[in-house]
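Inspection log for the structure reproduced underneath, given as structure tokens.
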Amino acid sequence: MAASTSSKPVLWKMTWPIFIELLLQMLVGNIDQIMLSHFNATAVAAVGNANQVITILLLTFSVISLASTILISQYLGAGQQEKVQQVYVLSAVVNLAVSLVLMALLLLGADRLMALMQVPAEARAEAAVYLRITAVSLPFQALMLTFSAFLRAHARMTVIMLSTGVINLVNILGNTALIYGLGPLPQLGAAGAALSTLTCRMVGMCLLRSIPGATLSPRMLNPWPSMLFRRLLGIGLPAGGEGLSYNLSQAASLVFVNMIGTYAVTTRVYAVIFAQVCFMLISAVSQATAVLVGYAIGARDFEEANRLNNHVLKVFTPITISITLVLALFAKPLYGLFSTDPQVIALGQKIMCIEVILEIGRCFNIVLVRDLQAVGDVRYPVTIGIIS
């Protein structure tokens with residue numbers, strides 16, 4: 001795909017399925033907390049803590065996934081199909097191996113980890129059970145993220161969107177049956193939510209397996225492509241490190257929130273959901289822009305890459321801030337959808353006022369970091385991320 005196709009109409013065409021995909025991913029990631037909010041507050045706090053750990057671990061897969069999207073985009077732009085095939089196999093093998101190691105560590109150390117995070121005593125057992133069951137889903141999630149990265153590099157956003165829709169439906173149906181109990185099934189609470197997550201990730205891996213022209217043959221790794229592997233890590237480690245540094249800071253903050261009490265943990269869970277709504281649109285358009293920038297860089301059209309970056313910042317930053325402002329104005333009834341606790345609602349209103357200012361910086365962070373990664377400049381974003 002040449003850089004000449006990276007025009008505004010193509011950007012919009014790529015953005016809308018990514019936006020719907022992100023919306024559905026947000027539901028997949030948060031539907032457990034949303035549905036558990038009508039079960040009990042303790043379960044929400046338990047899942048909120050366990051999901052913070054899972055989010056950090058999923059970022060280890062993004063190291064290879066982000067790098068594979070960047071390299072595939074550039075190799076496609078340069079017409080190097082053999083390199084594309086090698087990236088497919090290498091990325092899948094590495095992420096699968098890492099996921100198996102992480103699964104084993106979580107199965108063995110879930111209780112100790114929840115204790116270290118100062119999870120409230122009344123939520124600790126549920127959090128550990130949820131974490132162990134979700135750990136079994138990590139290999140499926142690793143491959144799902146890897147296959148999704150391949151499809152994104154080929155601009156197959158609609159396939160990812162439709163697959164995410166099916167995954168979300170499976171998760172909702174599973175939660176309905178397993179959290180609350182359906183027919184002869186018992187009410188399992190947080191454990192039921194975890195089992196549903198495991199099922200939907202297995203389904204997702206199967207749905208996203210159809211990658212254009214991919215054979216995924218291990219023979220592509222004989223001899224071992226050491227240069228390509230070093231390039232994947234050279235791009236992926238700094239690129240993933242930016243997100244990892246942010247989420248580690250969030251995990252550290254969560255330890256202090258846990259000390260305040262269950263109501264604060266529950267408020268934080270809902271605040272994260274509303275924050276995702278605020279930056280979802282600009283996140284979607286930044287992903288589409290990064291792919292097009294990758295094509296432009298592969299074709300050596302640096303001027304087009306710069307135009308795309310500036311266009312997205314000028315158009316979508318004001319839109320994102322407007323969305324955040326609307327949510328802040330209606331914070332009280334929005335938090336009231338999830339909780340009747342006056343402490344949760346009052347704290348949520350304060351957080352949403354801060355969110356309006358926060359999103360100004362986040363818009364620039366999201367767009368500029370993705371575009372810098374797309375051109376291969378991954379060290380600067382992670383350095384700034386760690387410092388901040």
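Labeling convention for the structure tokens: chains A, B, ... as they appear, residues from 1 per chain, ligands from 1 in order of appearance.
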Exercise for review: Within 7 Å of region 113-120 of chain A, counting only C-alpha atoms, which residues show up once you throw out same-chain ones fewer than 6 positions away? Write them as an MDAnalysis selection string, please.
Suggested key: chainID A and resid 128 255 258:259 261:262
Point to revise | For Pro381 (chain A), the nearest of the candidates A:Ile321, A:Leu237, A:Ile297, A:Ile56, counting only C-alpha atoms | key: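 Checking each candidate against Pro381 (chain A), we get A:Leu237 as the closest.
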Point to revise | Residue neighbourhood Asp371 (chain A), 9 Å, only C-alpha atoms, exclusion window fewer than 4 positions, as a PyMOL selection string | key: chain A and resi 286-287+289-291+293-294+305+309+366-367+375-377
Could you give me, as CSV, every region 234-302 of chain A residue with an atom at most 10 Å from region 346-359 of chain A, plus its closest atom pair and distance in Å to one decimal, counting only C-alpha atoms, rows ordered by chain then number?
```
residue,atom,partner,partner_atom,distance
A:Tyr263,CA,A:Leu347,CA,9.3
A:Ala264,CA,A:Leu347,CA,7.9
A:Thr266,CA,A:Gly348,CA,9.9
A:Thr267,CA,A:Gly348,CA,6.1
A:Arg268,CA,A:Gly348,CA,7.9
A:Tyr270,CA,A:Gly348,CA,7.9
A:Ala271,CA,A:Gly348,CA,6.5
A:Phe274,CA,A:Met352,CA,8.3
A:Ala275,CA,A:Glu355,CA,7.3
A:Cys278,CA,A:Glu359,CA,7.7
A:Phe279,CA,A:Glu359,CA,7.3
```
Review point. What gap, in Å, lies between CA of Ala135 (chain A) and CA of Thr158 (chain A)?
Key: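 Straight-line distance from CA of Ala135 (chain A) to CA of Thr158 (chain A) works out to 28.5 Å.
Of note, CA of Arg362 (chain A) and CA of Val44 (chain A) are spaced 26.4 Å apart.
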Practice item. Name the residues of region 170-337 of chain A that come out as alpha helix (DSSP H) in a backbone DSSP run; write them as a PyMOL selection string. Key: chain A and resi 170-178+190-207+226-260+262-298+302-329+331-336
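The residue that comes closest to Val265 (chain A), out of A:Ser73, A:Gln343, A:Gln187, A:Thr15 and on the basis of only C-alpha atoms, is A:Gln343.
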Practice item. For Asn222 (chain A), please output as a list in words all residues within 12 Å (counting only C-alpha atoms; exclusion window: fewer than 6 positions along the same chain). Key: Gln86, Val89 and Leu90 of chain A
Practice item. Would you list the contacts of Leu244 (chain A) as a PyMOL selection string, taking every protein, DNA or RNA residue within 7 Å and counting only C-alpha atoms, but skipping same-chain residues closer than 4 positions in sequence? Key: chain A and resi 56+59+240+248
Practice item. Tell me, in Å to one decimal, how far CA of Lys13 (chain A) is from CA of Leu208 (chain A). Key: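 Pair CA of Lys13 (chain A) / CA of Leu208 (chain A) returns 20.3 Å.
With only C-alpha atoms as the atoms that count, the residue of A:Leu107, A:Leu173, A:Ile64, A:Met35 with the shortest distance to Ser91 (chain A) is A:Ile64.
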Exercise for review: Name the residues in contact with Gln33 (chain A) at a cut-off of 12 Å, using only C-alpha atoms, excluding same-chain residues fewer than 6 positions from it; report them as a ChimeraX atom specification.
Suggested key: /A:26-27,39-51,130,172,175,179,189-190,192-194,197,265-273,338-339
Do a neighbour search on Thr134 (chain A) at 12 Å with only C-alpha atoms, toss out local chain neighbours closer than 5 positions, and write the hits as a PDB file with all heavy atoms, in the first residue's frame.
```pdb
ATOM      1  N   GLY A  29     -13.449  -5.306  28.411  1.00  0.00           N
ATOM      2  CA  GLY A  29     -12.563  -5.102  29.543  1.00  0.00           C
ATOM      3  C   GLY A  29     -13.280  -4.687  30.819  1.00  0.00           C
ATOM      4  O   GLY A  29     -12.790  -4.953  31.919  1.00  0.00           O
ATOM      5  N   ASP A  32     -17.224  -6.901  33.197  1.00  0.00           N
ATOM      6  CA  ASP A  32     -17.217  -7.635  34.464  1.00  0.00           C
ATOM      7  C   ASP A  32     -17.566  -6.697  35.622  1.00  0.00           C
ATOM      8  O   ASP A  32     -18.429  -6.995  36.446  1.00  0.00           O
ATOM      9  CB  ASP A  32     -15.837  -8.264  34.707  1.00  0.00           C
ATOM     10  CG  ASP A  32     -15.523  -9.361  33.715  1.00  0.00           C
ATOM     11  OD1 ASP A  32     -16.434  -9.749  32.957  1.00  0.00           O
ATOM     12  OD2 ASP A  32     -14.374  -9.840  33.690  1.00  0.00           O
ATOM     13  N   VAL A  47     -12.309  -7.338  41.433  1.00  0.00           N
ATOM     14  CA  VAL A  47     -11.999  -7.413  40.007  1.00  0.00           C
ATOM     15  C   VAL A  47     -11.183  -6.213  39.558  1.00  0.00           C
ATOM     16  O   VAL A  47     -10.287  -6.327  38.716  1.00  0.00           O
ATOM     17  CB  VAL A  47     -13.300  -7.555  39.181  1.00  0.00           C
ATOM     18  CG1 VAL A  47     -13.010  -7.469  37.685  1.00  0.00           C
ATOM     19  CG2 VAL A  47     -13.977  -8.882  39.499  1.00  0.00           C
ATOM     20  N   ALA A  50      -7.591  -7.030  40.512  1.00  0.00           N
ATOM     21  CA  ALA A  50      -7.049  -8.112  39.682  1.00  0.00           C
ATOM     22  C   ALA A  50      -6.815  -7.640  38.254  1.00  0.00           C
ATOM     23  O   ALA A  50      -5.799  -7.981  37.629  1.00  0.00           O
ATOM     24  CB  ALA A  50      -7.995  -9.310  39.702  1.00  0.00           C
ATOM     25  N   ASN A  51      -7.732  -6.825  37.728  1.00  0.00           N
ATOM     26  CA  ASN A  51      -7.588  -6.350  36.354  1.00  0.00           C
ATOM     27  C   ASN A  51      -6.422  -5.382  36.185  1.00  0.00           C
ATOM     28  O   ASN A  51      -5.865  -5.268  35.092  1.00  0.00           O
ATOM     29  CB  ASN A  51      -8.888  -5.695  35.874  1.00  0.00           C
ATOM     30  CG  ASN A  51      -9.832  -6.704  35.246  1.00  0.00           C
ATOM     31  OD1 ASN A  51      -9.423  -7.804  34.876  1.00  0.00           O
ATOM     32  ND2 ASN A  51     -11.092  -6.347  35.125  1.00  0.00           N
ATOM     33  N   VAL A  53      -3.533  -5.812  37.556  1.00  0.00           N
ATOM     34  CA  VAL A  53      -2.412  -6.739  37.335  1.00  0.00           C
ATOM     35  C   VAL A  53      -2.456  -7.290  35.917  1.00  0.00           C
ATOM     36  O   VAL A  53      -1.440  -7.316  35.208  1.00  0.00           O
ATOM     37  CB  VAL A  53      -2.464  -7.902  38.357  1.00  0.00           C
ATOM     38  CG1 VAL A  53      -1.361  -8.928  38.062  1.00  0.00           C
ATOM     39  CG2 VAL A  53      -2.331  -7.371  39.776  1.00  0.00           C
ATOM     40  N   ILE A  54      -3.646  -7.724  35.484  1.00  0.00           N
ATOM     41  CA  ILE A  54      -3.789  -8.295  34.142  1.00  0.00           C
ATOM     42  C   ILE A  54      -3.432  -7.262  33.077  1.00  0.00           C
ATOM     43  O   ILE A  54      -2.764  -7.578  32.082  1.00  0.00           O
ATOM     44  CB  ILE A  54      -5.226  -8.806  33.928  1.00  0.00           C
ATOM     45  CG1 ILE A  54      -5.518  -9.987  34.858  1.00  0.00           C
ATOM     46  CG2 ILE A  54      -5.444  -9.225  32.474  1.00  0.00           C
ATOM     47  CD1 ILE A  54      -4.664 -11.214  34.627  1.00  0.00           C
ATOM     48  N   THR A  55      -3.839  -6.009  33.296  1.00  0.00           N
ATOM     49  CA  THR A  55      -3.533  -4.946  32.330  1.00  0.00           C
ATOM     50  C   THR A  55      -2.025  -4.782  32.157  1.00  0.00           C
ATOM     51  O   THR A  55      -1.522  -4.642  31.032  1.00  0.00           O
ATOM     52  CB  THR A  55      -4.148  -3.612  32.788  1.00  0.00           C
ATOM     53  OG1 THR A  55      -5.564  -3.744  32.824  1.00  0.00           O
ATOM     54  CG2 THR A  55      -3.781  -2.481  31.836  1.00  0.00           C
ATOM     55  N   LEU A  57       0.280  -7.072  32.716  1.00  0.00           N
ATOM     56  CA  LEU A  57       0.825  -8.252  32.050  1.00  0.00           C
ATOM     57  C   LEU A  57       0.504  -8.254  30.554  1.00  0.00           C
ATOM     58  O   LEU A  57       1.324  -8.683  29.732  1.00  0.00           O
ATOM     59  CB  LEU A  57       0.276  -9.525  32.703  1.00  0.00           C
ATOM     60  CG  LEU A  57       0.684  -9.738  34.162  1.00  0.00           C
ATOM     61  CD1 LEU A  57       0.162 -11.076  34.677  1.00  0.00           C
ATOM     62  CD2 LEU A  57       2.201  -9.672  34.320  1.00  0.00           C
ATOM     63  N   LEU A  58      -0.687  -7.761  30.189  1.00  0.00           N
ATOM     64  CA  LEU A  58      -1.041  -7.695  28.771  1.00  0.00           C
ATOM     65  C   LEU A  58      -0.108  -6.758  28.013  1.00  0.00           C
ATOM     66  O   LEU A  58       0.107  -6.927  26.806  1.00  0.00           O
ATOM     67  CB  LEU A  58      -2.495  -7.249  28.599  1.00  0.00           C
ATOM     68  CG  LEU A  58      -3.573  -8.226  29.078  1.00  0.00           C
ATOM     69  CD1 LEU A  58      -4.961  -7.669  28.791  1.00  0.00           C
ATOM     70  CD2 LEU A  58      -3.421  -9.591  28.419  1.00  0.00           C
ATOM     71  N   SER A  99       3.485 -15.673  27.455  1.00  0.00           N
ATOM     72  CA  SER A  99       2.191 -15.826  28.127  1.00  0.00           C
ATOM     73  C   SER A  99       2.148 -17.073  29.010  1.00  0.00           C
ATOM     74  O   SER A  99       1.543 -17.059  30.088  1.00  0.00           O
ATOM     75  CB  SER A  99       1.058 -15.871  27.101  1.00  0.00           C
ATOM     76  OG  SER A  99       1.105 -17.064  26.337  1.00  0.00           O
ATOM     77  N   LEU A 102       4.026 -16.272  32.268  1.00  0.00           N
ATOM     78  CA  LEU A 102       3.235 -15.390  33.127  1.00  0.00           C
ATOM     79  C   LEU A 102       2.054 -16.124  33.749  1.00  0.00           C
ATOM     80  O   LEU A 102       1.706 -15.890  34.919  1.00  0.00           O
ATOM     81  CB  LEU A 102       2.738 -14.184  32.321  1.00  0.00           C
ATOM     82  CG  LEU A 102       3.816 -13.219  31.830  1.00  0.00           C
ATOM     83  CD1 LEU A 102       3.193 -12.129  30.968  1.00  0.00           C
ATOM     84  CD2 LEU A 102       4.573 -12.606  32.996  1.00  0.00           C
ATOM     85  N   MET A 103       1.421 -17.007  32.993  1.00  0.00           N
ATOM     86  CA  MET A 103       0.308 -17.797  33.521  1.00  0.00           C
ATOM     87  C   MET A 103       0.763 -18.622  34.722  1.00  0.00           C
ATOM     88  O   MET A 103       0.092 -18.646  35.771  1.00  0.00           O
ATOM     89  CB  MET A 103      -0.255 -18.712  32.431  1.00  0.00           C
ATOM     90  CG  MET A 103      -1.409 -19.588  32.899  1.00  0.00           C
ATOM     91  SD  MET A 103      -1.980 -20.752  31.620  1.00  0.00           S
ATOM     92  CE  MET A 103      -0.602 -21.913  31.627  1.00  0.00           C
ATOM     93  N   ALA A 104       1.910 -19.281  34.599  1.00  0.00           N
ATOM     94  CA  ALA A 104       2.414 -20.110  35.690  1.00  0.00           C
ATOM     95  C   ALA A 104       2.708 -19.270  36.932  1.00  0.00           C
ATOM     96  O   ALA A 104       2.381 -19.668  38.067  1.00  0.00           O
ATOM     97  CB  ALA A 104       3.676 -20.852  35.233  1.00  0.00           C
ATOM     98  N   LEU A 106       1.334 -16.410  37.862  1.00  0.00           N
ATOM     99  CA  LEU A 106       0.092 -15.951  38.498  1.00  0.00           C
ATOM    100  C   LEU A 106      -0.615 -17.078  39.240  1.00  0.00           C
ATOM    101  O   LEU A 106      -1.161 -16.872  40.327  1.00  0.00           O
ATOM    102  CB  LEU A 106      -0.848 -15.362  37.449  1.00  0.00           C
ATOM    103  CG  LEU A 106      -0.596 -13.923  37.002  1.00  0.00           C
ATOM    104  CD1 LEU A 106      -1.701 -13.462  36.076  1.00  0.00           C
ATOM    105  CD2 LEU A 106      -0.494 -12.986  38.198  1.00  0.00           C
ATOM    106  N   LEU A 107      -0.626 -18.245  38.665  1.00  0.00           N
ATOM    107  CA  LEU A 107      -1.277 -19.381  39.323  1.00  0.00           C
ATOM    108  C   LEU A 107      -0.623 -19.685  40.665  1.00  0.00           C
ATOM    109  O   LEU A 107      -1.288 -20.065  41.635  1.00  0.00           O
ATOM    110  CB  LEU A 107      -1.224 -20.622  38.423  1.00  0.00           C
ATOM    111  CG  LEU A 107      -2.123 -20.582  37.170  1.00  0.00           C
ATOM    112  CD1 LEU A 107      -1.863 -21.793  36.291  1.00  0.00           C
ATOM    113  CD2 LEU A 107      -3.594 -20.505  37.555  1.00  0.00           C
ATOM    114  N   ALA A 110      -0.867 -15.685  43.178  1.00  0.00           N
ATOM    115  CA  ALA A 110      -1.998 -14.753  43.211  1.00  0.00           C
ATOM    116  C   ALA A 110      -2.290 -14.217  44.610  1.00  0.00           C
ATOM    117  O   ALA A 110      -2.481 -13.009  44.800  1.00  0.00           O
ATOM    118  CB  ALA A 110      -3.246 -15.428  42.638  1.00  0.00           C
ATOM    119  N   ALA A 127     -10.536 -11.551  44.725  1.00  0.00           N
ATOM    120  CA  ALA A 127      -9.556 -11.019  43.773  1.00  0.00           C
ATOM    121  C   ALA A 127      -8.572 -12.105  43.348  1.00  0.00           C
ATOM    122  O   ALA A 127      -8.215 -12.218  42.167  1.00  0.00           O
ATOM    123  CB  ALA A 127      -8.811  -9.842  44.394  1.00  0.00           C
ATOM    124  N   ALA A 128      -8.108 -12.917  44.305  1.00  0.00           N
ATOM    125  CA  ALA A 128      -7.151 -13.983  43.989  1.00  0.00           C
ATOM    126  C   ALA A 128      -7.768 -15.047  43.095  1.00  0.00           C
ATOM    127  O   ALA A 128      -7.126 -15.541  42.156  1.00  0.00           O
ATOM    128  CB  ALA A 128      -6.632 -14.609  45.285  1.00  0.00           C
ATOM    129  N   VAL A 129      -9.017 -15.416  43.365  1.00  0.00           N
ATOM    130  CA  VAL A 129      -9.701 -16.415  42.528  1.00  0.00           C
ATOM    131  C   VAL A 129      -9.870 -15.893  41.109  1.00  0.00           C
ATOM    132  O   VAL A 129      -9.588 -16.605  40.123  1.00  0.00           O
ATOM    133  CB  VAL A 129     -11.081 -16.769  43.136  1.00  0.00           C
ATOM    134  CG1 VAL A 129     -11.907 -17.597  42.148  1.00  0.00           C
ATOM    135  CG2 VAL A 129     -10.897 -17.548  44.430  1.00  0.00           C
ATOM    136  N   PRO A 139      -2.589 -17.077  27.496  1.00  0.00           N
ATOM    137  CA  PRO A 139      -2.095 -17.524  26.186  1.00  0.00           C
ATOM    138  C   PRO A 139      -3.061 -17.201  25.046  1.00  0.00           C
ATOM    139  O   PRO A 139      -2.626 -16.802  23.955  1.00  0.00           O
ATOM    140  CB  PRO A 139      -1.943 -19.042  26.365  1.00  0.00           C
ATOM    141  CG  PRO A 139      -1.735 -19.227  27.830  1.00  0.00           C
ATOM    142  CD  PRO A 139      -2.582 -18.194  28.480  1.00  0.00           C
ATOM    143  N   PHE A 140      -4.354 -17.335  25.293  1.00  0.00           N
ATOM    144  CA  PHE A 140      -5.348 -17.009  24.260  1.00  0.00           C
ATOM    145  C   PHE A 140      -5.357 -15.511  23.973  1.00  0.00           C
ATOM    146  O   PHE A 140      -5.439 -15.085  22.823  1.00  0.00           O
ATOM    147  CB  PHE A 140      -6.733 -17.475  24.695  1.00  0.00           C
ATOM    148  CG  PHE A 140      -6.805 -18.933  25.028  1.00  0.00           C
ATOM    149  CD1 PHE A 140      -6.902 -19.356  26.342  1.00  0.00           C
ATOM    150  CD2 PHE A 140      -6.742 -19.898  24.031  1.00  0.00           C
ATOM    151  CE1 PHE A 140      -6.957 -20.707  26.661  1.00  0.00           C
ATOM    152  CE2 PHE A 140      -6.798 -21.254  24.333  1.00  0.00           C
ATOM    153  CZ  PHE A 140      -6.897 -21.651  25.651  1.00  0.00           C
ATOM    154  N   GLN A 141      -5.245 -14.699  25.041  1.00  0.00           N
ATOM    155  CA  GLN A 141      -5.215 -13.252  24.863  1.00  0.00           C
ATOM    156  C   GLN A 141      -3.943 -12.811  24.136  1.00  0.00           C
ATOM    157  O   GLN A 141      -3.975 -11.892  23.312  1.00  0.00           O
ATOM    158  CB  GLN A 141      -5.302 -12.564  26.231  1.00  0.00           C
ATOM    159  CG  GLN A 141      -5.300 -11.047  26.183  1.00  0.00           C
ATOM    160  CD  GLN A 141      -6.595 -10.468  25.653  1.00  0.00           C
ATOM    161  OE1 GLN A 141      -7.530 -11.203  25.375  1.00  0.00           O
ATOM    162  NE2 GLN A 141      -6.647  -9.156  25.496  1.00  0.00           N
ATOM    163  N   ALA A 190     -17.477 -13.024  41.163  1.00  0.00           N
ATOM    164  CA  ALA A 190     -16.235 -12.686  40.472  1.00  0.00           C
ATOM    165  C   ALA A 190     -15.652 -13.894  39.737  1.00  0.00           C
ATOM    166  O   ALA A 190     -15.106 -13.761  38.632  1.00  0.00           O
ATOM    167  CB  ALA A 190     -15.220 -12.135  41.470  1.00  0.00           C
ATOM    168  N   ALA A 191     -15.767 -15.080  40.315  1.00  0.00           N
ATOM    169  CA  ALA A 191     -15.260 -16.288  39.651  1.00  0.00           C
ATOM    170  C   ALA A 191     -16.011 -16.543  38.345  1.00  0.00           C
ATOM    171  O   ALA A 191     -15.418 -16.952  37.332  1.00  0.00           O
ATOM    172  CB  ALA A 191     -15.397 -17.496  40.580  1.00  0.00           C
ATOM    173  N   GLY A 192     -17.322 -16.287  38.341  1.00  0.00           N
ATOM    174  CA  GLY A 192     -18.104 -16.443  37.120  1.00  0.00           C
ATOM    175  C   GLY A 192     -17.679 -15.478  36.040  1.00  0.00           C
ATOM    176  O   GLY A 192     -17.601 -15.822  34.856  1.00  0.00           O
ATOM    177  N   ALA A 193     -17.384 -14.236  36.446  1.00  0.00           N
ATOM    178  CA  ALA A 193     -16.899 -13.238  35.485  1.00  0.00           C
ATOM    179  C   ALA A 193     -15.578 -13.681  34.870  1.00  0.00           C
ATOM    180  O   ALA A 193     -15.332 -13.494  33.676  1.00  0.00           O
ATOM    181  CB  ALA A 193     -16.743 -11.888  36.180  1.00  0.00           C
ATOM    182  N   ALA A 194     -14.703 -14.269  35.685  1.00  0.00           N
ATOM    183  CA  ALA A 194     -13.411 -14.737  35.189  1.00  0.00           C
ATOM    184  C   ALA A 194     -13.575 -15.893  34.198  1.00  0.00           C
ATOM    185  O   ALA A 194     -12.888 -15.954  33.169  1.00  0.00           O
ATOM    186  CB  ALA A 194     -12.530 -15.172  36.355  1.00  0.00           C
ATOM    187  N   LEU A 195     -14.477 -16.811  34.492  1.00  0.00           N
ATOM    188  CA  LEU A 195     -14.728 -17.934  33.577  1.00  0.00           C
ATOM    189  C   LEU A 195     -15.279 -17.438  32.246  1.00  0.00           C
ATOM    190  O   LEU A 195     -14.941 -17.955  31.177  1.00  0.00           O
ATOM    191  CB  LEU A 195     -15.702 -18.925  34.221  1.00  0.00           C
ATOM    192  CG  LEU A 195     -15.145 -19.766  35.375  1.00  0.00           C
ATOM    193  CD1 LEU A 195     -16.276 -20.506  36.085  1.00  0.00           C
ATOM    194  CD2 LEU A 195     -14.107 -20.767  34.854  1.00  0.00           C
ATOM    195  N   SER A 196     -16.136 -16.435  32.307  1.00  0.00           N
ATOM    196  CA  SER A 196     -16.670 -15.844  31.081  1.00  0.00           C
ATOM    197  C   SER A 196     -15.571 -15.176  30.265  1.00  0.00           C
ATOM    198  O   SER A 196     -15.524 -15.281  29.035  1.00  0.00           O
ATOM    199  CB  SER A 196     -17.757 -14.822  31.438  1.00  0.00           C
ATOM    200  OG  SER A 196     -18.280 -14.228  30.281  1.00  0.00           O
ATOM    201  N   THR A 197     -14.651 -14.479  30.952  1.00  0.00           N
ATOM    202  CA  THR A 197     -13.520 -13.846  30.272  1.00  0.00           C
ATOM    203  C   THR A 197     -12.644 -14.881  29.588  1.00  0.00           C
ATOM    204  O   THR A 197     -12.196 -14.689  28.448  1.00  0.00           O
ATOM    205  CB  THR A 197     -12.678 -13.043  31.288  1.00  0.00           C
ATOM    206  OG1 THR A 197     -13.487 -12.014  31.850  1.00  0.00           O
ATOM    207  CG2 THR A 197     -11.453 -12.428  30.626  1.00  0.00           C
ATOM    208  N   LEU A 198     -12.391 -15.984  30.269  1.00  0.00           N
ATOM    209  CA  LEU A 198     -11.600 -17.071  29.679  1.00  0.00           C
ATOM    210  C   LEU A 198     -12.250 -17.588  28.405  1.00  0.00           C
ATOM    211  O   LEU A 198     -11.585 -17.775  27.371  1.00  0.00           O
ATOM    212  CB  LEU A 198     -11.458 -18.209  30.705  1.00  0.00           C
ATOM    213  CG  LEU A 198     -10.861 -19.529  30.207  1.00  0.00           C
ATOM    214  CD1 LEU A 198      -9.450 -19.323  29.662  1.00  0.00           C
ATOM    215  CD2 LEU A 198     -10.860 -20.566  31.330  1.00  0.00           C
ATOM    216  N   THR A 199     -13.557 -17.784  28.443  1.00  0.00           N
ATOM    217  CA  THR A 199     -14.281 -18.316  27.270  1.00  0.00           C
ATOM    218  C   THR A 199     -14.223 -17.348  26.099  1.00  0.00           C
ATOM    219  O   THR A 199     -13.940 -17.738  24.960  1.00  0.00           O
ATOM    220  CB  THR A 199     -15.755 -18.586  27.642  1.00  0.00           C
ATOM    221  OG1 THR A 199     -15.813 -19.484  28.742  1.00  0.00           O
ATOM    222  CG2 THR A 199     -16.499 -19.188  26.461  1.00  0.00           C
ATOM    223  N   CYS A 200     -14.458 -16.064  26.358  1.00  0.00           N
ATOM    224  CA  CYS A 200     -14.503 -15.100  25.250  1.00  0.00           C
ATOM    225  C   CYS A 200     -13.127 -14.897  24.630  1.00  0.00           C
ATOM    226  O   CYS A 200     -13.009 -14.635  23.424  1.00  0.00           O
ATOM    227  CB  CYS A 200     -15.122 -13.783  25.692  1.00  0.00           C
ATOM    228  SG  CYS A 200     -14.063 -12.693  26.657  1.00  0.00           S
ATOM    229  N   ARG A 201     -12.055 -15.045  25.405  1.00  0.00           N
ATOM    230  CA  ARG A 201     -10.713 -14.911  24.838  1.00  0.00           C
ATOM    231  C   ARG A 201     -10.346 -16.114  23.970  1.00  0.00           C
ATOM    232  O   ARG A 201      -9.635 -15.970  22.975  1.00  0.00           O
ATOM    233  CB  ARG A 201      -9.687 -14.709  25.952  1.00  0.00           C
ATOM    234  CG  ARG A 201      -9.772 -13.304  26.541  1.00  0.00           C
ATOM    235  CD  ARG A 201      -8.824 -13.080  27.693  1.00  0.00           C
ATOM    236  NE  ARG A 201      -8.911 -11.686  28.145  1.00  0.00           N
ATOM    237  CZ  ARG A 201      -8.334 -11.219  29.247  1.00  0.00           C
ATOM    238  NH1 ARG A 201      -7.621 -12.026  30.015  1.00  0.00           N
ATOM    239  NH2 ARG A 201      -8.464  -9.944  29.568  1.00  0.00           N
ATOM    240  N   MET A 202     -10.829 -17.292  24.331  1.00  0.00           N
ATOM    241  CA  MET A 202     -10.627 -18.463  23.476  1.00  0.00           C
ATOM    242  C   MET A 202     -11.329 -18.271  22.139  1.00  0.00           C
ATOM    243  O   MET A 202     -10.768 -18.550  21.071  1.00  0.00           O
ATOM    244  CB  MET A 202     -11.151 -19.717  24.186  1.00  0.00           C
ATOM    245  CG  MET A 202     -10.354 -20.125  25.406  1.00  0.00           C
ATOM    246  SD  MET A 202     -11.137 -21.461  26.342  1.00  0.00           S
ATOM    247  CE  MET A 202     -11.066 -22.799  25.162  1.00  0.00           C
TER     248      MET A 202
END
```
